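Visitor: Just one file: run-v4.csv, with CSV, C-alpha atoms.
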chain,number,residue,atom,x,y,z
F,822,VAL,CA,119.0,-7.1,324.1
F,823,ALA,CA,122.5,-6.5,322.9
F,824,GLU,CA,122.8,-10.0,321.9
F,825,GLN,CA,119.6,-9.7,319.9
F,826,GLY,CA,121.2,-6.8,318.1
F,827,PHE,CA,118.8,-4.2,319.2
F,828,PRO,CA,120.0,-0.7,319.6
F,829,ALA,CA,121.0,-0.1,323.2
F,830,LEU,CA,121.5,2.9,325.5
F,831,ARG,CA,125.0,3.7,326.5
F,832,SER,CA,125.9,5.5,329.6
F,833,GLY,CA,128.8,7.8,330.1
F,834,SER,CA,130.8,5.6,332.6
F,835,SER,CA,130.5,2.0,333.1
F,836,ALA,CA,131.3,2.3,336.8
F,837,ALA,CA,128.5,4.6,337.6
F,838,ALA,CA,126.0,2.8,335.4
F,839,PRO,CA,123.0,1.1,337.0
F,840,PRO,CA,122.2,-2.5,336.2
F,841,THR,CA,120.4,-1.4,333.2
F,842,SER,CA,123.5,0.1,332.0
F,843,ASP,CA,124.1,-3.1,330.3
F,844,ILE,CA,122.0,-1.7,327.7
F,845,ALA,CA,124.3,1.2,327.4
F,846,THR,CA,127.2,-1.1,326.8
F,847,ALA,CA,125.8,-2.1,323.4
F,848,PRO,CA,127.3,-0.3,320.6
F,849,LEU,CA,125.2,2.5,319.4
F,850,PRO,CA,125.7,5.2,316.9
F,851,PRO,CA,127.1,8.3,318.5
F,852,PHE,CA,124.5,10.7,320.0
F,853,GLU,CA,124.5,14.2,318.9
F,854,SER,CA,122.8,16.8,320.9
F,855,PRO,CA,121.4,19.8,319.1
F,856,GLU,CA,123.9,21.9,320.7
F,857,SER,CA,126.8,19.7,319.9
F,858,SER,CA,125.5,19.4,316.4
F,859,ALA,CA,125.2,23.1,316.3
F,860,HIS,CA,128.7,23.6,317.5
F,861,GLY,CA,129.8,21.1,315.0
F,862,ALA,CA,131.9,19.3,317.5
F,863,GLY,CA,132.1,15.6,317.1
F,864,HIS,CA,131.1,15.0,320.8
F,865,GLU,CA,130.4,11.5,321.6
F,866,GLY,CA,128.8,10.5,325.0
F,867,PRO,CA,126.1,8.3,326.5
F,868,LEU,CA,122.5,8.9,325.4
F,869,ILE,CA,121.4,9.3,329.1
F,870,GLU,CA,124.2,11.0,330.9
F,871,ASN,CA,122.2,12.0,334.0
F,872,TRP,CA,120.2,9.5,335.9
F,873,TRP,CA,119.9,10.8,339.4
F,874,SER,CA,121.8,14.1,339.8
F,875,TRP,CA,120.1,17.3,340.3
F,876,ASP,CA,123.1,19.2,339.2
F,877,TYR,CA,122.4,20.0,335.8
F,878,GLY,CA,122.0,23.0,333.6
F,879,PRO,CA,123.3,24.6,330.4
F,880,GLY,CA,126.3,26.3,331.9
F,881,PRO,CA,129.7,24.9,332.6
F,882,GLY,CA,129.0,25.0,336.4
F,883,HIS,CA,126.9,22.0,336.2
F,884,THR,CA,128.0,18.5,336.0
F,885,HIS,CA,125.2,17.4,333.7
F,886,ARG,CA,123.5,19.2,331.0
F,887,ASN,CA,120.2,17.2,331.2
F,888,PRO,CA,117.8,16.6,334.1
F,889,PRO,CA,118.0,13.3,335.8
F,890,PHE,CA,116.4,10.7,333.7
F,891,GLY,CA,115.7,8.3,336.6
F,892,PHE,CA,113.4,10.7,338.3
F,893,ALA,CA,111.7,11.4,335.1
F,894,LEU,CA,111.0,7.7,334.8
F,895,ILE,CA,109.7,7.6,338.4
F,896,ASN,CA,107.5,10.6,337.6
F,897,PHE,CA,106.2,8.9,334.6
F,898,ALA,CA,105.5,5.7,336.5
F,899,VAL,CA,103.7,7.7,339.1
F,900,PHE,CA,101.7,9.4,336.4
F,901,LEU,CA,100.9,6.0,334.9
F,902,LEU,CA,99.9,4.7,338.4
F,903,ILE,CA,97.6,7.7,338.9
F,904,LEU,CA,96.1,7.2,335.5
F,905,SER,CA,95.6,3.6,336.2
F,906,ARG,CA,94.0,4.4,339.6
F,907,LEU,CA,91.7,7.0,338.0
F,908,PHE,CA,90.8,5.5,334.7
F,909,GLY,CA,92.2,2.0,334.7
F,910,GLN,CA,88.9,0.2,335.3
F,911,SER,CA,87.0,2.3,332.7
F,912,PHE,CA,89.9,1.9,330.3
F,913,ARG,CA,89.9,-1.9,330.9
F,914,ASP,CA,86.2,-1.9,330.4
F,915,PHE,CA,86.6,0.1,327.2
F,916,LEU,CA,89.3,-2.2,326.0
F,917,ARG,CA,87.2,-5.2,327.0
F,918,GLU,CA,84.2,-3.8,325.2
F,919,ARG,CA,86.2,-2.8,322.3
F,920,HIS,CA,87.7,-6.2,322.2
F,921,GLY,CA,84.3,-7.7,322.2
F,922,GLU,CA,83.1,-5.4,319.5
F,923,VAL,CA,86.1,-6.2,317.4
F,924,ARG,CA,85.6,-9.9,318.1
F,925,ARG,CA,82.0,-9.6,317.1
F,926,ALA,CA,82.9,-7.6,314.0
F,927,ILE,CA,85.4,-10.2,313.2
F,928,ASP,CA,82.8,-13.0,313.7
F,929,ARG,CA,80.3,-11.1,311.6
F,930,ALA,CA,83.0,-10.6,309.0
F,931,GLU,CA,83.8,-14.2,309.1
F,932,GLU,CA,80.2,-15.2,308.9
F,933,ALA,CA,79.7,-12.8,306.0
F,934,GLN,CA,82.7,-14.2,304.4
F,935,HIS,CA,81.5,-17.7,304.9
F,936,HIS,CA,78.1,-16.8,303.5
F,937,ALA,CA,79.7,-15.0,300.6
F,938,GLU,CA,81.9,-17.9,299.9
F,939,LYS,CA,78.9,-20.2,300.1
F,940,HIS,CA,76.9,-17.9,297.8
F,941,LEU,CA,79.9,-17.7,295.5
F,942,LYS,CA,80.1,-21.5,295.5
F,943,GLN,CA,76.4,-21.7,294.6
F,944,ILE,CA,76.8,-19.1,291.9
F,945,GLU,CA,79.7,-21.0,290.6
F,946,ASP,CA,77.8,-24.3,290.7
F,947,ARG,CA,74.8,-22.6,289.0
F,948,ALA,CA,77.0,-21.1,286.4
F,949,LYS,CA,78.4,-24.5,285.8
F,950,SER,CA,74.9,-25.9,285.4
F,951,LEU,CA,73.6,-22.8,283.5
F,952,GLU,CA,74.5,-24.1,280.1
F,953,ALA,CA,72.8,-27.3,280.8
F,954,GLU,CA,69.8,-25.5,282.1
F,955,ILE,CA,69.8,-23.2,279.0
F,956,ALA,CA,70.0,-26.3,276.8
F,957,SER,CA,67.2,-27.9,278.7
F,958,LEU,CA,65.1,-24.7,278.4
F,959,VAL,CA,65.7,-24.4,274.7
F,960,ALA,CA,64.8,-28.1,274.3
F,961,SER,CA,61.6,-27.7,276.3
F,962,TYR,CA,60.6,-24.5,274.5
F,963,ARG,CA,61.4,-26.2,271.2
F,964,LYS,CA,59.2,-29.1,272.1
F,965,LEU,CA,56.5,-26.8,273.3
F,966,ALA,CA,56.7,-24.8,270.0
F,967,GLU,CA,56.5,-28.0,268.1
F,968,SER,CA,53.5,-29.2,269.9
F,969,GLU,CA,51.9,-25.7,269.5
F,970,ARG,CA,52.7,-25.8,265.8
F,971,GLN,CA,51.1,-29.2,265.5
F,972,ALA,CA,48.0,-28.0,267.4
F,973,ILE,CA,47.7,-24.9,265.1
F,974,VAL,CA,48.0,-27.1,262.0
F,975,GLN,CA,45.4,-29.5,263.4
F,976,ARG,CA,43.0,-26.6,264.1
F,977,ALA,CA,43.6,-25.1,260.7
F,978,GLU,CA,43.0,-28.4,259.1
F,979,ALA,CA,39.8,-28.9,261.1
F,980,GLU,CA,38.6,-25.4,260.3
F,981,ALA,CA,39.4,-25.9,256.6
F,982,ALA,CA,37.5,-29.2,256.8
F,983,ASN,CA,34.6,-27.4,258.4
F,984,LEU,CA,34.7,-24.6,255.8
F,985,ILE,CA,34.7,-27.2,253.0
F,986,LYS,CA,31.8,-29.0,254.7
F,987,ASP,CA,29.9,-25.8,255.1
F,988,ALA,CA,30.6,-24.7,251.6
F,989,GLU,CA,29.4,-28.1,250.4
F,990,ALA,CA,26.3,-27.9,252.5
F,991,GLN,CA,25.6,-24.4,251.3
F,992,ALA,CA,26.1,-25.5,247.7
F,993,GLN,CA,23.8,-28.5,248.3
F,994,ALA,CA,21.2,-26.2,249.8
F,995,ALA,CA,21.5,-23.7,247.0
F,996,ILE,CA,21.2,-26.6,244.5
F,997,ALA,CA,18.2,-27.9,246.4
F,998,ALA,CA,16.6,-24.5,246.6
F,999,ALA,CA,17.3,-23.9,242.9
F,1000,ARG,CA,15.9,-27.3,242.1
F,1001,ARG,CA,12.8,-26.6,244.3
F,1002,THR,CA,12.3,-23.2,242.6
F,1003,LEU,CA,12.7,-24.8,239.2
F,1004,GLU,CA,10.3,-27.6,240.1
F,1005,GLN,CA,7.9,-25.0,241.5
F,1006,LYS,CA,8.0,-22.8,238.4
F,1007,THR,CA,7.8,-25.8,236.2
F,1008,ALA,CA,4.8,-27.1,238.1
F,1009,LEU,CA,3.1,-23.8,238.1
F,1010,LEU,CA,3.7,-23.4,234.4
F,1011,ALA,CA,2.4,-26.9,233.9
F,1012,VAL,CA,-0.7,-26.0,235.9
F,1013,ASP,CA,-1.2,-22.9,233.8
F,1014,LEU,CA,-0.7,-24.9,230.6
F,1015,ALA,CA,-3.1,-27.5,231.9
F,1016,GLU,CA,-5.7,-24.8,232.6
F,1017,LYS,CA,-5.3,-23.4,229.1
F,1018,LEU,CA,-5.5,-26.9,227.6
F,1019,LEU,CA,-8.6,-27.7,229.7
F,1020,ARG,CA,-10.3,-24.5,228.8
F,1021,SER,CA,-9.7,-25.1,225.1
F,1022,HIS,CA,-9.9,-28.8,224.8
F,1023,LEU,CA,-12.8,-29.8,227.1
F,1024,ARG,CA,-15.7,-31.3,225.2
F,1025,ASP,CA,-19.3,-31.8,226.2
F,1026,ASP,CA,-18.5,-35.4,227.1
F,1027,ASP,CA,-15.8,-34.2,229.5
F,1028,TYR,CA,-18.2,-31.8,231.2
F,1029,ARG,CA,-20.8,-34.5,231.5
F,1030,ARG,CA,-18.3,-37.0,232.9
F,1031,LEU,CA,-17.1,-34.5,235.5
F,1032,ASP,CA,-20.7,-33.5,236.4
F,1033,GLU,CA,-21.5,-37.2,236.8
F,1034,LYS,CA,-18.5,-37.8,239.0
F,1035,TYR,CA,-19.5,-34.8,241.2
F,1036,VAL,CA,-23.1,-35.9,241.5
F,1037,THR,CA,-22.1,-39.4,242.3
F,1038,GLU,CA,-19.9,-38.2,245.1
F,1039,ILE,CA,-22.7,-35.9,246.4
F,1040,GLU,CA,-25.1,-38.9,246.3
F,1041,ALA,CA,-22.5,-41.0,248.2
F,1042,LEU,CA,-22.4,-38.3,250.8
F,1043,GLY,CA,-26.1,-38.3,251.1
F,1044,ARG,CA,-26.3,-42.0,251.5
F,1045,THR,CA,-23.6,-41.9,254.2
F,1046,ALA,CA,-25.4,-39.2,256.0
F,1047,ALA,CA,-28.7,-40.9,255.8
F,1048,ALA,CA,-27.2,-44.1,257.1
F,1049,ALA,CA,-25.7,-42.4,260.0
F,1050,ARG,CA,-28.9,-40.5,260.7
F,1051,ASN,CA,-27.0,-37.3,260.6
F,1052,PRO,CA,-29.0,-34.4,259.4
F,1053,THR,CA,-26.0,-32.3,258.6
F,1054,LEU,CA,-24.0,-32.5,255.4
F,1055,ALA,CA,-20.8,-34.3,255.8
F,1056,PRO,CA,-17.9,-31.8,255.2
F,1057,GLY,CA,-16.4,-32.0,251.8
F,1058,LYS,CA,-13.5,-30.2,250.3
F,1059,GLU,CA,-13.4,-26.6,251.4
F,1060,SER,CA,-13.4,-24.1,248.5
F,1061,PRO,CA,-10.0,-22.4,248.1
F,1062,ARG,CA,-11.7,-19.3,246.8
J,1164,MET,CA,-20.1,1.5,259.0
J,1165,MET,CA,-20.0,-2.2,259.7
J,1166,VAL,CA,-23.0,-3.9,261.1
J,1167,SER,CA,-22.6,-6.9,263.1
J,1168,GLY,CA,-24.5,-10.1,262.4
J,1169,SER,CA,-26.3,-10.0,265.7
J,1170,VAL,CA,-27.9,-6.6,264.7
J,1171,ALA,CA,-29.0,-8.0,261.4
J,1172,ARG,CA,-30.4,-11.1,263.1
J,1173,ARG,CA,-32.4,-8.9,265.5
J,1174,TYR,CA,-34.0,-7.0,262.6
J,1175,ALA,CA,-34.6,-10.3,260.8
J,1176,LYS,CA,-36.3,-11.8,263.9
J,1177,ALA,CA,-38.6,-8.7,264.1
J,1178,LEU,CA,-39.4,-9.0,260.4
J,1179,LEU,CA,-40.1,-12.7,260.9
J,1180,ALA,CA,-42.6,-12.0,263.6
J,1181,ILE,CA,-44.3,-9.4,261.5
J,1182,GLY,CA,-44.4,-11.7,258.5
J,1183,ALA,CA,-45.8,-14.6,260.6
J,1184,GLN,CA,-48.6,-12.3,261.7
J,1185,HIS,CA,-49.4,-11.4,258.1
J,1186,GLY,CA,-48.5,-14.8,256.7
J,1187,ASN,CA,-46.2,-13.4,254.1
J,1188,ASN,CA,-42.7,-14.4,255.2
J,1189,ASP,CA,-41.8,-15.8,251.8
J,1190,ALA,CA,-43.0,-12.6,250.1
J,1191,LEU,CA,-41.0,-10.6,252.6
J,1192,VAL,CA,-37.9,-12.6,251.9
J,1193,MET,CA,-38.3,-12.0,248.1
J,1194,GLU,CA,-38.9,-8.3,248.6
J,1195,LEU,CA,-35.8,-7.9,250.9
J,1196,ASP,CA,-33.7,-10.0,248.5
J,1197,CYS,CA,-34.7,-7.7,245.7
J,1198,LEU,CA,-34.1,-4.6,247.7
J,1199,ALA,CA,-30.7,-5.9,248.9
J,1200,HIS,CA,-29.7,-7.0,245.4
J,1201,THR,CA,-30.5,-3.6,244.0
J,1202,TYR,CA,-28.7,-1.9,246.8
J,1203,GLU,CA,-25.6,-4.1,246.4
J,1204,LYS,CA,-25.4,-3.8,242.6
J,1205,SER,CA,-25.8,0.0,242.4
J,1206,PRO,CA,-22.9,2.0,243.7
J,1207,GLU,CA,-24.8,5.2,242.8
J,1208,LEU,CA,-27.7,4.2,245.0
J,1209,ARG,CA,-25.4,3.3,247.9
J,1210,MET,CA,-23.7,6.7,247.5
J,1211,VAL,CA,-27.0,8.6,247.4
J,1212,LEU,CA,-28.4,6.8,250.4
J,1213,SER,CA,-25.3,7.1,252.6
J,1214,ASN,CA,-23.8,10.4,251.6
J,1215,PRO,CA,-24.7,13.3,254.0
J,1216,VAL,CA,-24.3,15.7,251.2
J,1217,PHE,CA,-27.8,14.8,250.2
J,1218,SER,CA,-30.5,15.9,252.6
J,1219,SER,CA,-32.6,13.3,254.4
J,1220,ALA,CA,-35.6,14.4,252.4
J,1221,GLN,CA,-33.8,13.8,249.2
J,1222,ARG,CA,-32.6,10.4,250.4
J,1223,SER,CA,-36.1,9.5,251.6
J,1224,SER,CA,-37.6,10.5,248.2
J,1225,VAL,CA,-35.1,8.3,246.4
J,1226,LEU,CA,-35.9,5.4,248.7
J,1227,GLU,CA,-39.6,5.9,248.3
J,1228,GLU,CA,-39.3,5.9,244.6
J,1229,LEU,CA,-37.2,2.7,244.7
J,1230,CYS,CA,-39.8,1.0,246.8
J,1231,ARG,CA,-42.5,2.1,244.6
J,1232,ARG,CA,-40.9,0.8,241.5
J,1233,LEU,CA,-40.0,-2.5,243.2
J,1234,GLN,CA,-43.6,-2.7,244.5
J,1235,VAL,CA,-42.5,-3.8,247.9
J,1236,SER,CA,-45.0,-4.2,250.8
J,1237,PRO,CA,-45.4,-1.6,253.5
J,1238,THR,CA,-43.4,-3.8,255.9
J,1239,SER,CA,-40.4,-3.8,253.7
J,1240,ARG,CA,-40.9,-0.1,252.9
J,1241,ASN,CA,-41.0,0.7,256.6
J,1242,LEU,CA,-37.9,-1.4,257.2
J,1243,ALA,CA,-36.0,0.5,254.5
J,1244,ARG,CA,-37.2,3.9,256.0
J,1245,LEU,CA,-36.1,2.8,259.4
J,1246,LEU,CA,-32.6,1.8,258.2
J,1247,LEU,CA,-32.3,5.0,256.3
J,1248,GLN,CA,-33.2,7.1,259.3
J,1249,ARG,CA,-30.7,5.2,261.5
J,1250,GLY,CA,-27.9,5.3,258.9
J,1251,ARG,CA,-27.9,1.5,258.6
J,1252,MET,CA,-28.7,1.0,255.0
J,1253,ASN,CA,-25.6,-1.0,254.5
J,1254,ALA,CA,-27.1,-3.7,256.8
J,1255,LEU,CA,-29.9,-4.4,254.3
J,1256,PRO,CA,-28.1,-7.3,252.6
J,1257,GLN,CA,-27.2,-8.9,255.9
J,1258,ILE,CA,-30.8,-8.5,257.1
J,1259,ALA,CA,-32.2,-10.0,253.9
J,1260,ARG,CA,-29.9,-13.1,254.3
J,1261,ALA,CA,-30.7,-13.5,258.0
J,1262,LEU,CA,-34.4,-13.3,257.3
J,1263,ARG,CA,-34.1,-15.8,254.5
J,1264,ASP,CA,-32.2,-18.2,256.8
J,1265,LEU,CA,-34.8,-17.8,259.6
J,1266,VAL,CA,-37.7,-18.3,257.2
J,1267,ASP,CA,-36.1,-21.4,255.7
J,1268,GLU,CA,-35.3,-22.7,259.1
J,1269,LYS,CA,-38.8,-22.2,260.3
J,1270,ALA,CA,-40.2,-23.8,257.1
J,1271,GLY,CA,-37.8,-26.7,257.4
J,1272,ARG,CA,-36.0,-25.9,254.3
J,1273,VAL,CA,-32.3,-25.7,253.4
J,1274,ARG,CA,-31.0,-23.4,250.7
J,1275,ALA,CA,-28.3,-24.8,248.4
J,1276,ARG,CA,-26.4,-22.7,245.9
J,1277,VAL,CA,-25.2,-24.8,243.1
J,1278,THR,CA,-22.7,-23.2,240.8
J,1279,SER,CA,-21.7,-24.9,237.6
J,1280,ALA,CA,-19.4,-24.1,234.7
J,1281,LYS,CA,-22.1,-25.1,232.1
J,1282,PRO,CA,-25.9,-25.0,232.4
J,1283,LEU,CA,-27.0,-27.7,234.8
J,1284,PRO,CA,-29.1,-30.4,233.2
J,1285,ALA,CA,-32.5,-31.0,234.8
J,1286,LEU,CA,-31.5,-34.6,235.5
J,1287,MET,CA,-28.4,-33.6,237.4
J,1288,GLU,CA,-30.3,-30.9,239.3
J,1289,GLY,CA,-32.8,-33.5,240.5
J,1290,ARG,CA,-30.1,-35.9,241.6
J,1291,ILE,CA,-28.3,-33.1,243.5
J,1292,ARG,CA,-31.5,-32.0,245.1
J,1293,ALA,CA,-32.3,-35.5,246.2
J,1294,ALA,CA,-28.8,-36.1,247.6
J,1295,ILE,CA,-28.9,-32.9,249.6
J,1296,GLU,CA,-32.4,-33.7,250.9
J,1297,ARG,CA,-31.1,-37.1,251.9
J,1298,THR,CA,-28.1,-35.5,253.6
J,1299,THR,CA,-29.9,-32.7,255.5
J,1300,GLY,CA,-33.3,-34.3,256.0
J,1301,ARG,CA,-34.9,-31.1,254.8
J,1302,SER,CA,-36.5,-29.8,251.6
J,1303,VAL,CA,-34.1,-28.0,249.4
J,1304,VAL,CA,-34.3,-24.6,247.8
J,1305,MET,CA,-31.8,-24.6,245.0
J,1306,GLU,CA,-30.2,-21.5,243.6
J,1307,LYS,CA,-28.5,-22.3,240.3
J,1308,ARG,CA,-25.7,-20.2,239.0
J,1309,GLU,CA,-23.2,-20.5,236.1
J,1310,ASP,CA,-19.6,-19.5,236.4
J,1311,PRO,CA,-17.2,-20.2,233.5
J,1312,ALA,CA,-14.3,-19.6,235.9
J,1313,LEU,CA,-14.9,-23.0,237.3
J,1314,ILE,CA,-13.7,-24.5,234.0
J,1315,ALA,CA,-15.7,-27.7,234.6
J,1316,GLY,CA,-17.5,-29.4,237.5
J,1317,MET,CA,-19.7,-27.9,240.2
J,1318,VAL,CA,-19.7,-26.2,243.5
J,1319,THR,CA,-22.5,-26.6,246.1
J,1320,GLN,CA,-22.8,-24.4,249.1
J,1321,ILE,CA,-25.2,-25.2,251.9
J,1322,GLY,CA,-25.0,-22.7,254.6
J,1323,ASP,CA,-21.3,-22.5,255.6
J,1324,VAL,CA,-20.4,-25.8,254.0
J,1325,VAL,CA,-19.0,-25.9,250.5
J,1326,TYR,CA,-18.4,-28.9,248.4
J,1327,ASP,CA,-16.2,-27.9,245.6
J,1328,GLY,CA,-15.8,-30.3,242.7
J,1329,SER,CA,-14.6,-27.8,240.1
J,1330,LEU,CA,-11.5,-28.1,238.0
J,1331,ALA,CA,-10.6,-24.6,239.0
J,1332,ALA,CA,-10.4,-25.7,242.6
J,1333,GLU,CA,-8.3,-28.6,241.6
J,1334,LEU,CA,-5.9,-26.4,239.7
J,1335,ALA,CA,-5.9,-23.8,242.6
J,1336,GLU,CA,-5.0,-26.6,245.0
J,1337,LEU,CA,-2.1,-27.7,242.7
J,1338,ARG,CA,-0.9,-24.1,242.6
J,1339,GLN,CA,-1.1,-23.8,246.3
J,1340,ARG,CA,0.8,-27.0,246.8
J,1341,TRP,CA,3.7,-25.8,244.6
J,1342,SER,CA,3.8,-22.2,245.7
Give the structure from this file in structure tokens form.
Guide:
Amino acid sequence: VAEQGFPALRSGSSAAAPPTSDIATAPLPPFESPESSAHGAGHEGPLIENWWSWDYGPGPGHTHRNPPFGFALINFAVFLLILSRLFGQSFRDFLRERHGEVRRAIDRAEEAQHHAEKHLKQIEDRAKSLEAEIASLVASYRKLAESERQAIVQRAEAEAANLIKDAEAQAQAAIAAARRTLEQKTALLAVDLAEKLLRSHLRDDDYRRLDEKYVTEIEALGRTAAAARNPTLAPGKESPR
Amino acid sequence: MMVSGSVARRYAKALLAIGAQHGNNDALVMELDCLAHTYEKSPELRMVLSNPVFSSAQRSSVLEELCRRLQVSPTSRNLARLLLQRGRMNALPQIARALRDLVDEKAGRVRARVTSAKPLPALMEGRIRAAIERTTGRSVVMEKREDPALIAGMVTQIGDVVYDGSLAAELAELRQRWS
């Protein structure tokens, strides 16, 4: 120990020192007891000056000021032995369980760390590919918008064509209706005019000619009916009146 | 009140039976035609004979006076009284037509109403009569009328069949085609 430079205990006399007194041979800073410090005396002595003697006490009649340190060690060892006998197994179990818990916690922590590192790696990879993905998305949306725009334009053009077609059809229908109305009115006016002309310009020859035509048709009907041996009159034109 | 054709036909059949017994169906037809014509042409007469404001005695006296002036037979007079009592004076024109049709049918005649715009020449009338007789196989009783509304041409009605050869019908057909 002394060779390793650790602080060592030093006994009062090298002759009376136990084998462990080698420790005391190592140079140590001087020990100052509270009393010696209080007296201000610069007393220097071994740190453990009583190992086995029961002659100790504070007065000058005692050879040692401190109780025997060796018995104290034995006492402590006995105390440790009792503790070991009484609680050793449970303490070992506790330590073992605690060791297991700590191991499991460490394992979990390592696993979590591994998972976190993996996730971090994924995030980093994804972050790396994010720009490319954004660019791809922008390109796809742009393409979609373009196709939608073309579809809208096509629909608008088709609707415009239909509107034009409908308008033309309506215009044609209106023209046809107007033409029919005009023709109708013209025809009716022509009929009215014809009636007026007929009423004012018919001569006796015209009356006779029309009567002759009518009688001829009646006679033709009579001949047809007689030929068919049909006693009923063949139906002629029904009177509109 | 409307009177159905079947009711008028039942009255006409009864009159036909009575006329057959007395042998005066044609006279009955003429009398009823005259009565119906007078009734149809006179709104005042229709109002008096159908308005309950006038008592039945007053209405009967008016009808008796009418029959007296028209010199109708007791059969026609009794028919008129019966129609008045039953409130069916408005059936008189229908009964007259139904009786005329029944008498014509029984006598083998057909009645043709020829309407012309101008007076029908005798030659034309004969040709039309001959044509209708040839068509129907019956003798024809022609009723001639003049109607300037026809403009020109003629219209012949035989029963429910009408043969219209007038210019008015041609013009009406043209108007109908263009309207």
Visitor: Counting all atoms listed in the file, what is within 6 Å of F:Gly1043, bar same-chain residues fewer than 6 positions away, as a tab-separated table (two decimals) with C-alpha atoms, in the coordinates of the input?
Guide:
chain	number	residue	atom	x	y	z
J	1294	ALA	CA	-28.80	-36.10	247.60
J	1297	ARG	CA	-31.10	-37.10	251.90
J	1298	THR	CA	-28.10	-35.50	253.60
Visitor: Residues of chain J within 8 Å of chain F, using all atoms listed in the file, as a PyMOL selection string?
Guide: chain J and resi 1281+1287+1290-1291+1293-1300+1314-1317+1324-1328+1332+1334-1338+1341-1342
Visitor: Taking into account all atoms listed in the file, which residue in the set J:Glu1207, J:Glu1194, J:Asp1310, J:Asp1267 is nearest to J:Gln1234?
Guide: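 Using all atoms listed in the file, the shortest distance to J:Gln1234 belongs to J:Glu1194.
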Visitor: If I take atom CA of J:Arg1272 and atom CA of J:Ala1177, how far is one from the other in Å, to one decimal?
Guide: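 Result for atom CA of J:Arg1272 versus atom CA of J:Ala1177: 20.0 Å, one decimal.
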Visitor: Work out how far apart atom CA of F:Glu932 and atom CA of F:Lys949 are and give it in Å to one decimal.
Guide: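 Going from atom CA of F:Glu932 over to atom CA of F:Lys949, I get 25.0 Å.
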Visitor: Would you mind reading off the distance between atom CA of J:Ile1321 and atom CA of J:Ala1183, one decimal, in Å?
Guide: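 That distance, rounded to one decimal, is 24.7 Å.
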Visitor: Set the distance at 12 Å and use all atoms listed in the file: which residues neighbour J:Ser1218 once local chain neighbours fewer than 6 positions away are removed? I'd like the list as a ChimeraX atom specification.
Guide: /J:1211-1212,1224-1225,1247-1248
Visitor: How would the residues just chosen look if you wrote them out with C-alpha atoms as a PDB file, keeping the file's coordinate frame?
Guide:
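Writing the result to out_18.pdb gives the following:
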ATOM      1  CA  VAL J1211     -27.000   8.600 247.400  1.00  0.00           C
ATOM      2  CA  LEU J1212     -28.400   6.800 250.400  1.00  0.00           C
ATOM      3  CA  SER J1224     -37.600  10.500 248.200  1.00  0.00           C
ATOM      4  CA  VAL J1225     -35.100   8.300 246.400  1.00  0.00           C
ATOM      5  CA  LEU J1247     -32.300   5.000 256.300  1.00  0.00           C
ATOM      6  CA  GLN J1248     -33.200   7.100 259.300  1.00  0.00           C
TER       7      GLN J1248
END
Visitor: Might you pull out every residue within 12 Å of J:Thr1201, with all atoms listed in the file counted and same-chain residues fewer than 5 positions away left off, and present them as a VMD selection string?
Guide: chain J and resid 1194 to 1196 1206 to 1209 1226 1229 to 1230 1232 to 1233 1253 1255 to 1256 1259
Visitor: Please provide as a ChimeraX atom specification all residues within 8 Å of stretch 890-903 of chain F, with the sequence filter that same-chain residues fewer than 4 positions apart are discarded (counting all atoms listed in the file).
Guide: /F:869,871-873,907
Visitor: Would you save the residues of that selection, restricted to C-alpha atoms, as an mmCIF file, in the coordinates of the input?
Guide:
data_model
loop_
_atom_site.group_PDB
_atom_site.id
_atom_site.type_symbol
_atom_site.label_atom_id
_atom_site.label_comp_id
_atom_site.auth_asym_id
_atom_site.auth_seq_id
_atom_site.Cartn_x
_atom_site.Cartn_y
_atom_site.Cartn_z
ATOM 1 C CA ILE F 869 121.400 9.300 329.100
ATOM 2 C CA ASN F 871 122.200 12.000 334.000
ATOM 3 C CA TRP F 872 120.200 9.500 335.900
ATOM 4 C CA TRP F 873 119.900 10.800 339.400
ATOM 5 C CA LEU F 907 91.700 7.000 338.000
#
Visitor: Which one of J:Ala1171, J:Val1216, J:Met1210, J:Leu1178 sits closest to J:Arg1240 if you count all atoms listed in the file?
Guide: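 Counting all atoms listed in the file, the residue closest to J:Arg1240 is J:Leu1178.
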Visitor: Could you check the closest approach to J:Ala1243 for each of J:Tyr1202, J:Gly1289, J:Asn1214, J:Leu1283 and tell me which residue wins, using only C-alpha atoms?
Guide: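 Checking each of J:Tyr1202, J:Gly1289, J:Asn1214, J:Leu1283 against J:Ala1243, counting only C-alpha atoms, the winner is J:Tyr1202.
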Visitor: Find the residue from J:Ser1223, J:Gln1257, J:Glu1203, J:Met1252 that sits nearest to J:Ser1169; use all atoms listed in the file when measuring.
Guide: J:Gln1257
